[in-house]
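To be precise, the following lines are target-v7.cif, and they hold mmCIF, C-alpha atoms and all ligand atoms.
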data_input
loop_
_atom_site.label_atom_id
_atom_site.label_comp_id
_atom_site.auth_asym_id
_atom_site.auth_seq_id
_atom_site.Cartn_x
_atom_site.Cartn_y
_atom_site.Cartn_z
CA MET A 1 -22.74 -4.06 5.40
CA PRO A 2 -19.25 -5.63 5.26
CA ARG A 3 -18.58 -8.45 7.69
CA ILE A 4 -15.38 -8.47 9.78
CA VAL A 5 -14.46 -12.03 10.76
CA LYS A 6 -11.68 -13.65 12.77
CA PRO A 7 -9.39 -15.62 10.45
CA THR A 8 -10.40 -19.08 11.65
CA ALA A 9 -9.95 -22.09 9.35
CA GLU A 10 -13.67 -21.83 8.51
CA ALA A 11 -13.39 -18.14 7.65
CA ILE A 12 -10.35 -18.75 5.42
CA ALA A 13 -12.29 -21.53 3.67
CA GLU A 14 -15.25 -19.21 3.19
CA ALA A 15 -13.02 -16.47 1.77
CA ALA A 16 -11.39 -18.95 -0.62
CA ALA A 17 -14.86 -20.06 -1.71
CA VAL A 18 -15.79 -16.43 -2.45
CA LEU A 19 -12.69 -16.19 -4.67
CA GLN A 20 -13.61 -19.47 -6.37
CA ARG A 21 -17.01 -17.92 -7.17
CA GLU A 22 -15.14 -14.94 -8.69
CA GLY A 23 -15.98 -12.62 -5.81
CA VAL A 24 -13.96 -10.08 -3.80
CA VAL A 25 -12.56 -10.53 -0.26
CA ALA A 26 -10.57 -8.19 1.95
CA PHE A 27 -7.54 -9.70 3.68
CA PRO A 28 -4.57 -8.52 5.73
CA THR A 29 -0.99 -8.43 4.49
CA GLU A 30 2.07 -7.29 6.44
CA THR A 31 1.97 -3.95 4.58
CA VAL A 32 -1.69 -2.89 4.25
CA TYR A 33 -5.03 -4.69 3.77
CA GLY A 34 -5.80 -5.84 0.23
CA LEU A 35 -8.98 -6.29 -1.75
CA GLY A 36 -8.41 -9.67 -3.33
CA VAL A 37 -9.71 -11.26 -6.53
CA PRO A 38 -8.44 -14.19 -8.60
CA THR A 39 -5.76 -12.97 -11.04
CA LEU A 40 -7.31 -15.15 -13.74
CA SER A 41 -10.93 -13.97 -13.34
CA ARG A 42 -11.90 -11.14 -15.69
CA ALA A 43 -15.27 -10.75 -13.97
CA ALA A 44 -13.75 -10.42 -10.50
CA LEU A 45 -11.02 -8.05 -11.72
CA ALA A 46 -13.71 -5.78 -13.17
CA LYS A 47 -15.54 -5.88 -9.81
CA VAL A 48 -12.51 -4.76 -7.82
CA TYR A 49 -11.94 -1.72 -10.08
CA GLU A 50 -15.60 -0.87 -9.74
CA LEU A 51 -15.64 -1.28 -5.96
CA LYS A 52 -12.57 0.91 -5.42
CA GLY A 53 -13.46 3.45 -8.07
CA ARG A 54 -9.97 2.79 -9.37
CA PRO A 55 -8.84 4.27 -12.69
CA ARG A 56 -8.77 1.47 -15.30
CA ASP A 57 -5.23 2.31 -16.29
CA ASN A 58 -3.74 1.57 -12.87
CA PRO A 59 -2.42 -2.04 -12.83
CA LEU A 60 -2.74 -4.44 -9.89
CA ILE A 61 -0.24 -6.45 -7.85
CA ALA A 62 -0.62 -10.23 -8.06
CA HIS A 63 -0.01 -11.98 -4.73
CA VAL A 64 1.56 -15.42 -4.80
CA LEU A 65 2.64 -18.05 -2.31
CA ASP A 66 6.16 -18.39 -3.66
CA ALA A 67 8.51 -18.09 -6.64
CA GLY A 68 6.98 -21.22 -8.17
CA GLN A 69 3.57 -19.55 -8.39
CA ALA A 70 5.20 -16.34 -9.63
CA ARG A 71 6.82 -18.22 -12.53
CA ALA A 72 3.37 -19.34 -13.70
CA ILE A 73 2.17 -15.77 -14.22
CA ALA A 74 5.45 -14.01 -15.06
CA ALA A 75 7.17 -14.98 -18.31
CA GLY A 76 10.02 -12.64 -17.45
CA TRP A 77 10.91 -14.50 -14.25
CA ASP A 78 14.69 -14.76 -14.38
CA GLU A 79 17.76 -15.28 -12.21
CA ARG A 80 17.45 -11.77 -10.76
CA CYS A 81 13.90 -12.53 -9.65
CA GLU A 82 15.10 -15.78 -8.05
CA GLN A 83 17.75 -13.85 -6.15
CA LEU A 84 15.39 -11.10 -5.01
CA ALA A 85 12.65 -13.54 -4.05
CA GLY A 86 15.24 -15.64 -2.21
CA ARG A 87 16.34 -12.65 -0.19
CA PHE A 88 13.09 -10.69 0.38
CA TRP A 89 10.16 -13.10 -0.01
CA PRO A 90 7.85 -13.57 1.62
CA GLY A 91 7.83 -9.85 2.30
CA PRO A 92 7.13 -6.30 1.13
CA LEU A 93 8.94 -6.31 -2.23
CA THR A 94 6.99 -6.27 -5.52
CA LEU A 95 8.74 -7.21 -8.76
CA VAL A 96 7.57 -5.87 -12.13
CA VAL A 97 8.38 -8.33 -14.93
CA ARG A 98 7.03 -9.41 -18.32
CA LYS A 99 3.71 -11.20 -17.85
CA ALA A 100 2.85 -14.70 -19.02
CA ALA A 101 0.47 -15.42 -21.90
CA GLY A 102 -3.10 -15.91 -20.74
CA ILE A 103 -3.07 -13.30 -17.97
CA PRO A 104 -6.20 -11.18 -18.45
CA GLU A 105 -5.72 -7.60 -19.65
CA GLN A 106 -7.59 -6.37 -16.58
CA ALA A 107 -5.00 -7.88 -14.21
CA THR A 108 -2.35 -5.52 -15.55
CA ALA A 109 -4.46 -2.68 -16.97
CA GLY A 110 -3.33 -3.75 -20.41
CA TYR A 111 0.41 -3.50 -19.65
CA PRO A 112 2.68 -6.25 -20.97
CA THR A 113 4.21 -6.46 -17.49
CA ILE A 114 2.90 -7.82 -14.20
CA ALA A 115 3.70 -6.80 -10.63
CA VAL A 116 4.17 -9.79 -8.32
CA ARG A 117 4.77 -10.19 -4.61
CA SER A 118 4.59 -12.88 -1.96
CA PRO A 119 3.12 -11.53 1.28
CA SER A 120 4.39 -12.78 4.65
CA HIS A 121 1.24 -12.26 6.70
CA PRO A 122 0.05 -15.70 7.86
CA VAL A 123 -3.59 -14.95 7.00
CA ALA A 124 -2.67 -13.88 3.46
CA ARG A 125 -0.61 -17.05 3.09
CA GLN A 126 -3.39 -19.29 4.40
CA LEU A 127 -5.80 -17.69 1.95
CA LEU A 128 -3.36 -18.14 -0.97
CA GLU A 129 -2.82 -21.75 0.02
CA ARG A 130 -6.48 -22.55 0.39
CA PHE A 131 -7.42 -20.76 -2.85
CA GLY A 132 -4.55 -22.36 -4.74
CA GLY A 133 -3.80 -19.57 -7.23
CA ALA A 134 -2.59 -16.01 -7.59
CA ILE A 135 -4.69 -13.27 -5.98
CA SER A 136 -4.61 -9.76 -7.42
CA ALA A 137 -5.15 -7.17 -4.74
CA PRO A 138 -4.98 -3.41 -4.64
CA SER A 139 -4.95 -1.76 -1.22
CA ALA A 140 -8.44 -2.09 0.32
CA ASN A 141 -9.34 1.61 0.32
CA ARG A 142 -11.52 3.68 -1.95
CA SER A 143 -9.29 4.96 -4.73
CA GLY A 144 -7.32 8.01 -3.65
CA HIS A 145 -8.05 7.58 0.06
CA VAL A 146 -5.61 6.62 2.82
CA SER A 147 -4.56 2.94 2.73
CA PRO A 148 -6.08 0.64 5.38
CA THR A 149 -3.98 -1.00 8.10
CA THR A 150 -6.82 -2.49 10.17
CA ALA A 151 -10.00 -4.41 9.34
CA GLN A 152 -11.98 -1.46 10.71
CA HIS A 153 -10.31 0.89 8.19
CA VAL A 154 -11.52 -1.39 5.38
CA PHE A 155 -14.99 -1.46 6.90
CA ASP A 156 -15.05 2.34 7.13
CA ASP A 157 -14.19 2.76 3.43
CA PHE A 158 -16.72 0.17 2.23
CA ALA A 159 -19.46 0.54 4.87
CA ASP A 160 -22.08 0.89 2.17
CA VAL A 161 -21.12 -2.32 0.38
CA GLU A 162 -23.75 -5.01 0.73
CA ASP A 163 -21.63 -8.08 1.35
CA LEU A 164 -17.88 -7.79 1.72
CA LEU A 165 -16.02 -10.38 3.77
CA ILE A 166 -13.10 -8.84 5.71
CA LEU A 167 -10.60 -11.23 7.28
CA ASP A 168 -9.32 -9.55 10.45
CA GLY A 169 -5.60 -10.15 10.86
CA GLY A 170 -5.04 -7.31 13.32
CA PRO A 171 -3.05 -4.14 12.58
CA CYS A 172 -0.50 -4.44 9.75
CA GLU A 173 3.07 -4.69 10.97
CA VAL A 174 4.86 -2.73 8.22
CA GLY A 175 2.03 -0.26 7.68
CA ILE A 176 3.04 1.22 4.32
CA GLU A 177 2.76 -0.41 0.90
CA SER A 178 5.44 -2.65 -0.60
CA THR A 179 8.46 -1.38 -2.50
CA VAL A 180 7.74 -1.73 -6.23
CA VAL A 181 10.83 -2.35 -8.38
CA ASP A 182 10.64 -2.44 -12.16
CA LEU A 183 13.07 -5.05 -13.51
CA MET A 184 12.19 -4.29 -17.13
CA ARG A 185 14.15 -1.08 -16.96
CA THR A 186 17.89 -0.66 -17.17
CA PRO A 187 18.98 0.02 -14.53
CA PRO A 188 16.14 -1.51 -12.50
CA MET A 189 14.05 1.28 -10.99
CA VAL A 190 12.14 1.64 -7.75
CA LEU A 191 8.73 2.99 -8.84
CA ARG A 192 7.35 3.18 -5.32
CA PRO A 193 9.61 3.36 -2.26
CA GLY A 194 8.85 1.08 0.67
CA SER A 195 10.58 -0.60 3.58
CA VAL A 196 12.95 -2.50 1.26
CA GLY A 197 15.46 0.09 0.06
CA ALA A 198 16.94 0.50 -3.44
CA ASP A 199 20.42 -0.05 -1.99
CA GLU A 200 19.44 -3.42 -0.49
CA ILE A 201 17.96 -4.47 -3.83
CA GLY A 202 21.11 -3.27 -5.57
CA GLN A 203 23.30 -5.31 -3.23
CA VAL A 204 21.45 -8.50 -4.18
CA LEU A 205 21.56 -7.70 -7.89
CA GLY A 206 25.18 -6.56 -7.77
CA ARG A 207 24.34 -3.36 -9.61
CA GLU A 208 22.97 0.07 -9.06
CA VAL A 209 19.19 0.47 -8.77
CA GLY A 210 17.52 3.76 -9.57
CA VAL A 211 14.71 5.50 -7.72
CA PHE A 212 12.10 7.54 -9.52
CA GLY A 213 11.75 11.07 -8.25
CA GLU A 214 8.30 11.94 -6.98
CA MET A 215 7.41 14.05 -9.97
CA GLU A 216 8.44 11.25 -12.31
CA GLN A 217 6.41 8.78 -10.24
CA ALA A 218 3.37 10.71 -11.31
CA ALA A 219 4.20 9.47 -14.80
CA SER A 220 4.28 5.76 -13.82
CA PRO A 221 1.29 3.57 -14.72
CA GLY A 222 -2.10 4.83 -13.76
CA THR A 223 -0.87 6.85 -10.86
CA ALA A 224 -1.42 10.36 -12.11
CA SER A 225 -4.83 10.93 -10.62
CA SER A 226 -4.72 9.37 -7.18
CA HIS A 227 -2.87 9.95 -3.95
CA TYR A 228 -2.98 8.68 -0.38
CA ALA A 229 -4.95 11.56 0.99
CA PRO A 230 -7.11 12.24 4.00
CA ARG A 231 -10.15 14.43 3.32
CA THR A 232 -8.81 17.23 5.50
CA PRO A 233 -6.11 19.31 3.75
CA VAL A 234 -2.60 18.37 4.88
CA VAL A 235 0.18 20.89 5.46
CA LEU A 236 3.77 19.71 5.84
CA VAL A 237 6.15 21.72 7.97
CA GLU A 238 9.89 21.57 8.59
CA PRO A 239 11.07 20.06 11.89
CA GLY A 240 10.80 22.62 14.67
CA GLU A 241 8.46 24.84 12.66
CA VAL A 242 5.18 23.44 14.04
CA GLU A 243 4.56 26.05 16.73
CA ARG A 244 5.25 28.92 14.36
CA ALA A 245 3.08 27.40 11.61
CA VAL A 246 0.07 26.72 13.82
CA GLY A 247 0.52 30.05 15.57
CA GLN A 248 -0.12 31.78 12.24
CA MET A 249 -3.12 29.64 11.36
CA ARG A 250 -6.68 30.74 11.81
CA GLU A 251 -8.03 27.24 11.20
CA ARG A 252 -8.48 24.54 13.81
CA ALA A 253 -5.65 22.09 13.25
CA VAL A 254 -4.58 18.58 14.21
CA VAL A 255 -0.83 18.23 14.55
CA LEU A 256 1.19 15.07 13.93
CA ALA A 257 4.60 15.53 15.50
CA MET A 258 7.35 13.33 16.90
CA ARG A 259 7.68 15.32 20.10
CA PRO A 260 5.36 17.08 22.52
CA VAL A 261 3.99 20.29 20.99
CA GLU A 262 2.66 23.26 22.94
CA ALA A 263 -1.07 22.85 22.46
CA GLY A 264 -2.78 26.13 21.76
CA ALA A 265 -6.54 26.65 21.72
CA GLY A 266 -8.35 24.45 19.23
CA LEU A 267 -5.29 22.33 18.61
CA ALA A 268 -5.26 18.54 18.80
CA ILE A 269 -1.95 16.69 18.95
CA ILE A 270 -1.23 13.18 17.78
CA GLU A 271 2.22 12.24 18.97
CA MET A 272 4.04 10.02 16.47
CA PRO A 273 6.73 7.45 17.36
CA ARG A 274 10.37 8.42 16.81
CA GLU A 275 11.33 5.00 15.56
CA ALA A 276 10.87 4.42 11.81
CA ARG A 277 9.12 1.05 11.97
CA ALA A 278 6.68 2.23 14.61
CA TYR A 279 6.05 5.46 12.71
CA ALA A 280 5.35 3.57 9.47
CA SER A 281 3.01 1.06 11.08
CA GLY A 282 1.00 3.86 12.69
CA ILE A 283 0.96 6.53 9.98
CA TYR A 284 -2.23 5.61 8.13
CA ASP A 285 -4.16 5.10 11.35
CA ALA A 286 -2.94 8.50 12.54
CA LEU A 287 -4.03 10.14 9.26
CA ARG A 288 -7.44 8.49 9.47
CA ARG A 289 -7.85 9.53 13.12
CA ALA A 290 -6.72 13.07 12.33
CA ASP A 291 -9.30 13.13 9.56
CA GLY A 292 -11.99 12.09 12.02
CA LEU A 293 -11.36 14.98 14.41
CA GLY A 294 -13.19 17.53 12.32
CA ALA A 295 -10.28 19.95 12.08
CA GLU A 296 -9.72 22.18 9.07
CA ARG A 297 -6.04 21.33 8.65
CA ILE A 298 -3.75 18.41 9.41
CA VAL A 299 -0.29 19.78 10.15
CA ILE A 300 2.52 17.24 9.90
CA GLU A 301 6.04 17.82 11.12
CA MET A 302 8.26 16.17 8.49
CA PRO A 303 10.66 13.63 9.98
CA GLU A 304 14.25 14.34 8.95
CA GLU A 305 15.96 11.05 9.76
CA ALA A 306 17.88 9.20 7.04
CA GLY A 307 17.13 5.68 5.81
CA ALA A 308 14.99 3.77 3.31
CA LEU A 309 11.97 3.49 5.57
CA TRP A 310 12.04 7.19 6.46
CA ASP A 311 12.32 8.00 2.74
CA ALA A 312 9.21 5.87 2.11
CA ILE A 313 7.40 7.56 5.01
CA ARG A 314 8.25 11.03 3.65
CA ASN A 315 7.01 9.89 0.23
CA ARG A 316 3.62 8.94 1.73
CA LEU A 317 3.41 12.17 3.73
CA ARG A 318 4.06 14.24 0.62
CA ARG A 319 1.36 12.31 -1.20
CA ALA A 320 -1.03 12.82 1.70
CA ALA A 321 -0.37 16.53 1.23
CA GLY A 322 -1.41 16.23 -2.39
CA VAL A 323 1.72 15.63 -4.42
CA LYS A 324 -0.17 13.76 -7.11
CA SER A 325 0.90 10.19 -7.66
CA ASP A 326 -0.32 6.67 -6.70
O1 LIG B 1 1.86 -3.54 -0.15
C1 LIG B 1 1.24 -3.58 -1.20
O2 LIG B 1 1.81 -3.57 -2.31
C2 LIG B 1 -0.30 -3.63 -1.13
C3 LIG B 1 -0.71 -4.97 -0.51
C4 LIG B 1 -2.19 -5.21 -0.53
O3 LIG B 1 -0.01 -6.01 -1.15
N1 LIG B 1 -0.88 -3.43 -2.40
C5 LIG B 1 -0.90 -2.22 -3.03
O4 LIG B 1 -1.60 -2.23 -4.22
O5 LIG B 1 -0.38 -1.25 -2.58
P1 LIG B 1 -2.02 -0.89 -4.98
O6 LIG B 1 -2.88 -1.37 -6.09
O7 LIG B 1 -2.59 0.06 -4.03
O8 LIG B 1 -0.69 -0.35 -5.60
C6 LIG B 1 -0.07 -1.06 -6.67
C7 LIG B 1 1.10 -0.27 -7.22
C8 LIG B 1 0.63 0.91 -8.03
O9 LIG B 1 1.51 1.99 -7.78
C9 LIG B 1 0.76 0.42 -9.47
O10 LIG B 1 0.96 1.46 -10.39
C10 LIG B 1 2.00 -0.48 -9.35
O11 LIG B 1 1.85 -1.11 -8.10
N2 LIG B 1 2.00 -1.48 -10.42
C11 LIG B 1 1.20 -2.57 -10.52
N3 LIG B 1 1.45 -3.23 -11.67
C12 LIG B 1 2.42 -2.56 -12.30
C13 LIG B 1 3.11 -2.74 -13.55
N4 LIG B 1 2.82 -3.73 -14.37
N5 LIG B 1 4.05 -1.85 -13.87
C14 LIG B 1 4.36 -0.81 -13.05
N6 LIG B 1 3.74 -0.58 -11.86
C15 LIG B 1 2.79 -1.44 -11.50
MG MG B 2 -3.23 1.72 -3.14
#

For this file, produce the structure as structure tokens.
Ligand code: TXA
Ligand code: MG
Amino acid sequence: MPRIVKPTAEAIAEAAAVLQREGVVAFPTETVYGLGVPTLSRAALAKVYELKGRPRDNPLIAHVLDAGQARAIAAGWDERCEQLAGRFWPGPLTLVVRKAAGIPEQATAGYPTIAVRSPSHPVARQLLERFGGAISAPSANRSGHVSPTTAQHVFDDFADVEDLLILDGGPCEVGIESTVVDLMRTPPMVLRPGSVGADEIGQVLGREVGVFGEMEQAASPGTASSHYAPRTPVVLVEPGEVERAVGQMRERAVVLAMRPVEAGAGLAIIEMPREARAYASGIYDALRRADGLGAERIVIEMPEEAGALWDAIRNRLRRAAGVKSD
């Protein structure tokens, strides 16, 4: 069974020792929990793909303490990276740049580029500091399942794993994965939307930044076969259409809506926050809870508010409903 531990100095030291022995540890970041392995350990990288059941062609994000550590693994680290790191790090922005020589194939699924970010969560930072090197970490869920935002979520996905250390840093504050921006493209392109918007990135770079459409995202590295999906089928409905949609359904449904919904027979309601940050930080927990209620459908009222974070939330909701992508 996995072991959930409080992130005491001893626990951080133990987790760092697991990494030193080329093992896998689960740790919190401000976005979602990660399943960490040393970026330079081929053996550990292979283990993390195995554990997640992750397609071998889906590259990993390397987590670093700061720009100095990023430079050591990213040959393409340039002035733009300095500017973006200066503005958004530590935080939920991942930069895709040319990788340095000596980075194992498995760290980047064979791509000549590497995705790098510096997390702000204090437990992630203590682990990076204690370990002393870059940590590659995909989200700590089984491939294709909903991302984890609590230690318990990680436990639930890996309950059958003999010995997995999970550092418990509480619920993740941001709650959805980092923005991934590809700086190798002209113009730079957001491959995965997150709480840092393309316009904010563009302001720092002094140029326009593109955003991949969702169908095109399915064509970005290794993302064709997985999505962030609960096991229960998800149906998205327009704002205000919930009552009509569930009224026509024969199945027992769970509804995620941002306002009180008339509960009919066999209907469970999970009321979602109206504020973007609160919605994002609670979305994966809500999807996991909805999944646990034994309903036949999860009905989600699509939020219609404008803004980068709402765009990222809608992106995750569409993926939960099965729009294939990462
Ligand atoms: O917030 C996050 O980014 C979390 C926490 C743990 O840091 N991590 C995360 O990792 O979401 P993962 O493995 O679930 O998603 C990594 C994403 C994938 O969409 C992958 O295709 C993209 O980053 N990616 C990684 N390396 C890339 C590369 N070299 N080129 C393009 N995309 C890359
Ligand atoms: Mg993931």

Collect all residues with atoms no farther than 8 Å from ligand LIG 1 (chain B), counting all atoms listed in the file, and output them as a PyMOL selection string.
chain A and resi 28-35+58-61+63+92-94+96-97+108-109+111-117+119+137-140+147+176-180+182+191-192+220-223+326

Filtering to C-alpha atoms, could you give me those residues as a short mmCIF file (atom, residue, chain, number, x, y, z; two decimals), in the coordinates of the input?
data_model
loop_
_atom_site.label_atom_id
_atom_site.label_comp_id
_atom_site.auth_asym_id
_atom_site.auth_seq_id
_atom_site.Cartn_x
_atom_site.Cartn_y
_atom_site.Cartn_z
CA PRO A 28 -4.57 -8.52 5.73
CA THR A 29 -0.99 -8.43 4.49
CA GLU A 30 2.07 -7.29 6.44
CA THR A 31 1.97 -3.95 4.58
CA VAL A 32 -1.69 -2.89 4.25
CA TYR A 33 -5.03 -4.69 3.77
CA GLY A 34 -5.80 -5.84 0.23
CA LEU A 35 -8.98 -6.29 -1.75
CA ASN A 58 -3.74 1.57 -12.87
CA PRO A 59 -2.42 -2.04 -12.83
CA LEU A 60 -2.74 -4.44 -9.89
CA ILE A 61 -0.24 -6.45 -7.85
CA HIS A 63 -0.01 -11.98 -4.73
CA PRO A 92 7.13 -6.30 1.13
CA LEU A 93 8.94 -6.31 -2.23
CA THR A 94 6.99 -6.27 -5.52
CA VAL A 96 7.57 -5.87 -12.13
CA VAL A 97 8.38 -8.33 -14.93
CA THR A 108 -2.35 -5.52 -15.55
CA ALA A 109 -4.46 -2.68 -16.97
CA TYR A 111 0.41 -3.50 -19.65
CA PRO A 112 2.68 -6.25 -20.97
CA THR A 113 4.21 -6.46 -17.49
CA ILE A 114 2.90 -7.82 -14.20
CA ALA A 115 3.70 -6.80 -10.63
CA VAL A 116 4.17 -9.79 -8.32
CA ARG A 117 4.77 -10.19 -4.61
CA PRO A 119 3.12 -11.53 1.28
CA ALA A 137 -5.15 -7.17 -4.74
CA PRO A 138 -4.98 -3.41 -4.64
CA SER A 139 -4.95 -1.76 -1.22
CA ALA A 140 -8.44 -2.09 0.32
CA SER A 147 -4.56 2.94 2.73
CA ILE A 176 3.04 1.22 4.32
CA GLU A 177 2.76 -0.41 0.90
CA SER A 178 5.44 -2.65 -0.60
CA THR A 179 8.46 -1.38 -2.50
CA VAL A 180 7.74 -1.73 -6.23
CA ASP A 182 10.64 -2.44 -12.16
CA LEU A 191 8.73 2.99 -8.84
CA ARG A 192 7.35 3.18 -5.32
CA SER A 220 4.28 5.76 -13.82
CA PRO A 221 1.29 3.57 -14.72
CA GLY A 222 -2.10 4.83 -13.76
CA THR A 223 -0.87 6.85 -10.86
CA ASP A 326 -0.32 6.67 -6.70
#

Which is closest to A:Tyr279 among A:Leu317, A:Met249, A:Val254, A:Ala295, if we use all atoms listed in the file?
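Checking each candidate against A:Tyr279, we get A:Leu317 as the closest.
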
Record the distance separating atom CA of A:Gly282 and atom CA of A:Asn141, expressed in Å with one decimal.
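Pair atom CA of A:Gly282 / atom CA of A:Asn141 returns 16.3 Å.
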
Using all atoms listed in the file, pick whichever of A:Gly292, A:Gly247, A:Gly210, A:Pro171 has the shortest atom-to-atom distance to A:Thr232.
A:Gly292

Would you mind listing what lies within 8 Å of A:Ser281 as a ChimeraX atom specification, with only C-alpha atoms counted and same-chain residues fewer than 2 positions away left out?
/A:149,172-176,277-279,283-284

Go through A:Arg42, A:Lys6, A:Arg87, A:Arg125 one by one, measure the shortest atom-to-atom distance of each to A:Val64 using all atoms listed in the file, and give the residue with the smallest value.
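Ranking A:Arg42, A:Lys6, A:Arg87, A:Arg125 by distance to A:Val64, first place goes to A:Arg125.
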
Given all atoms listed in the file as the counted atoms, nearest of A:Val204, A:Leu127, A:Leu165, A:Leu309 to A:Glu79:
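With all atoms listed in the file as the atom set, the closest residue is A:Val204.
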
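With atom CA of A:Phe131 on one side and atom CA of A:Tyr49 on the other, the separation reads 20.9 Å.
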
Out of A:Gln126, A:Thr8, A:Gln83, A:Ser143, which residue has the shortest atom-to-atom distance to ligand MG 2 (chain B) when counting only C-alpha atoms and all ligand atoms?
A:Ser143

So the first atom is atom CA of A:Thr186 and the second is atom CA of A:Arg207; what is the distance between them in Å, to one decimal place?
10.3 Å

Residue with the minimum atom-to-atom distance to ligand MG 2 (chain B), picked from A:Pro55, A:Gly144, A:Gly91, A:Gly322 with all atoms listed in the file counted, is A:Gly144

The centre and edge lengths of an axis-aligned box containing all atoms of stretch 12-28 of chain A present in the file, extended by 5 Å on each side, are to be given in Å to one decimal, as lines of an AutoDock Vina configuration file.
center_x = -10.8
center_y = -14.9
center_z = -1.5
size_x = 22.4
size_y = 23.3
size_z = 24.4

Selection as a list in words: residues within 10 Å of (8.6, 10.6, 5.6), counting all atoms listed in the file:
Ala276, Tyr279, Ala280, Ile283, Ile300, Glu301, Met302, Pro303, Glu304, Glu305, Ala306, Gly307, Ala308, Leu309, Trp310, Asp311, Ala312, Ile313, Arg314, Asn315, Arg316, Leu317 and Arg318 of chain A

Which polymer residues, whether protein, DNA or RNA, lie within 12 Å of the coordinate (1.3, 22.5, 21.2) when you count all atoms listed in the file? List them as a PyMOL selection string, using the chain letters and numbers from the file.
chain A and resi 240-247+253-271+299

Selection near A:Asp168, 9 Å with only C-alpha atoms, sequence-local residues under 4 positions removed, as a ChimeraX atom specification
/A:4-7,26-28,123,150-152

Take the residues that were just selected and, keeping C-alpha atoms, output them as a PDB file, keeping the file's coordinate frame.
ATOM      1  CA  ILE A   4     -15.380  -8.470   9.780  1.00  0.00           C
ATOM      2  CA  VAL A   5     -14.460 -12.030  10.760  1.00  0.00           C
ATOM      3  CA  LYS A   6     -11.680 -13.650  12.770  1.00  0.00           C
ATOM      4  CA  PRO A   7      -9.390 -15.620  10.450  1.00  0.00           C
ATOM      5  CA  ALA A  26     -10.570  -8.190   1.950  1.00  0.00           C
ATOM      6  CA  PHE A  27      -7.540  -9.700   3.680  1.00  0.00           C
ATOM      7  CA  PRO A  28      -4.570  -8.520   5.730  1.00  0.00           C
ATOM      8  CA  VAL A 123      -3.590 -14.950   7.000  1.00  0.00           C
ATOM      9  CA  THR A 150      -6.820  -2.490  10.170  1.00  0.00           C
ATOM     10  CA  ALA A 151     -10.000  -4.410   9.340  1.00  0.00           C
ATOM     11  CA  GLN A 152     -11.980  -1.460  10.710  1.00  0.00           C
TER      12      GLN A 152
END
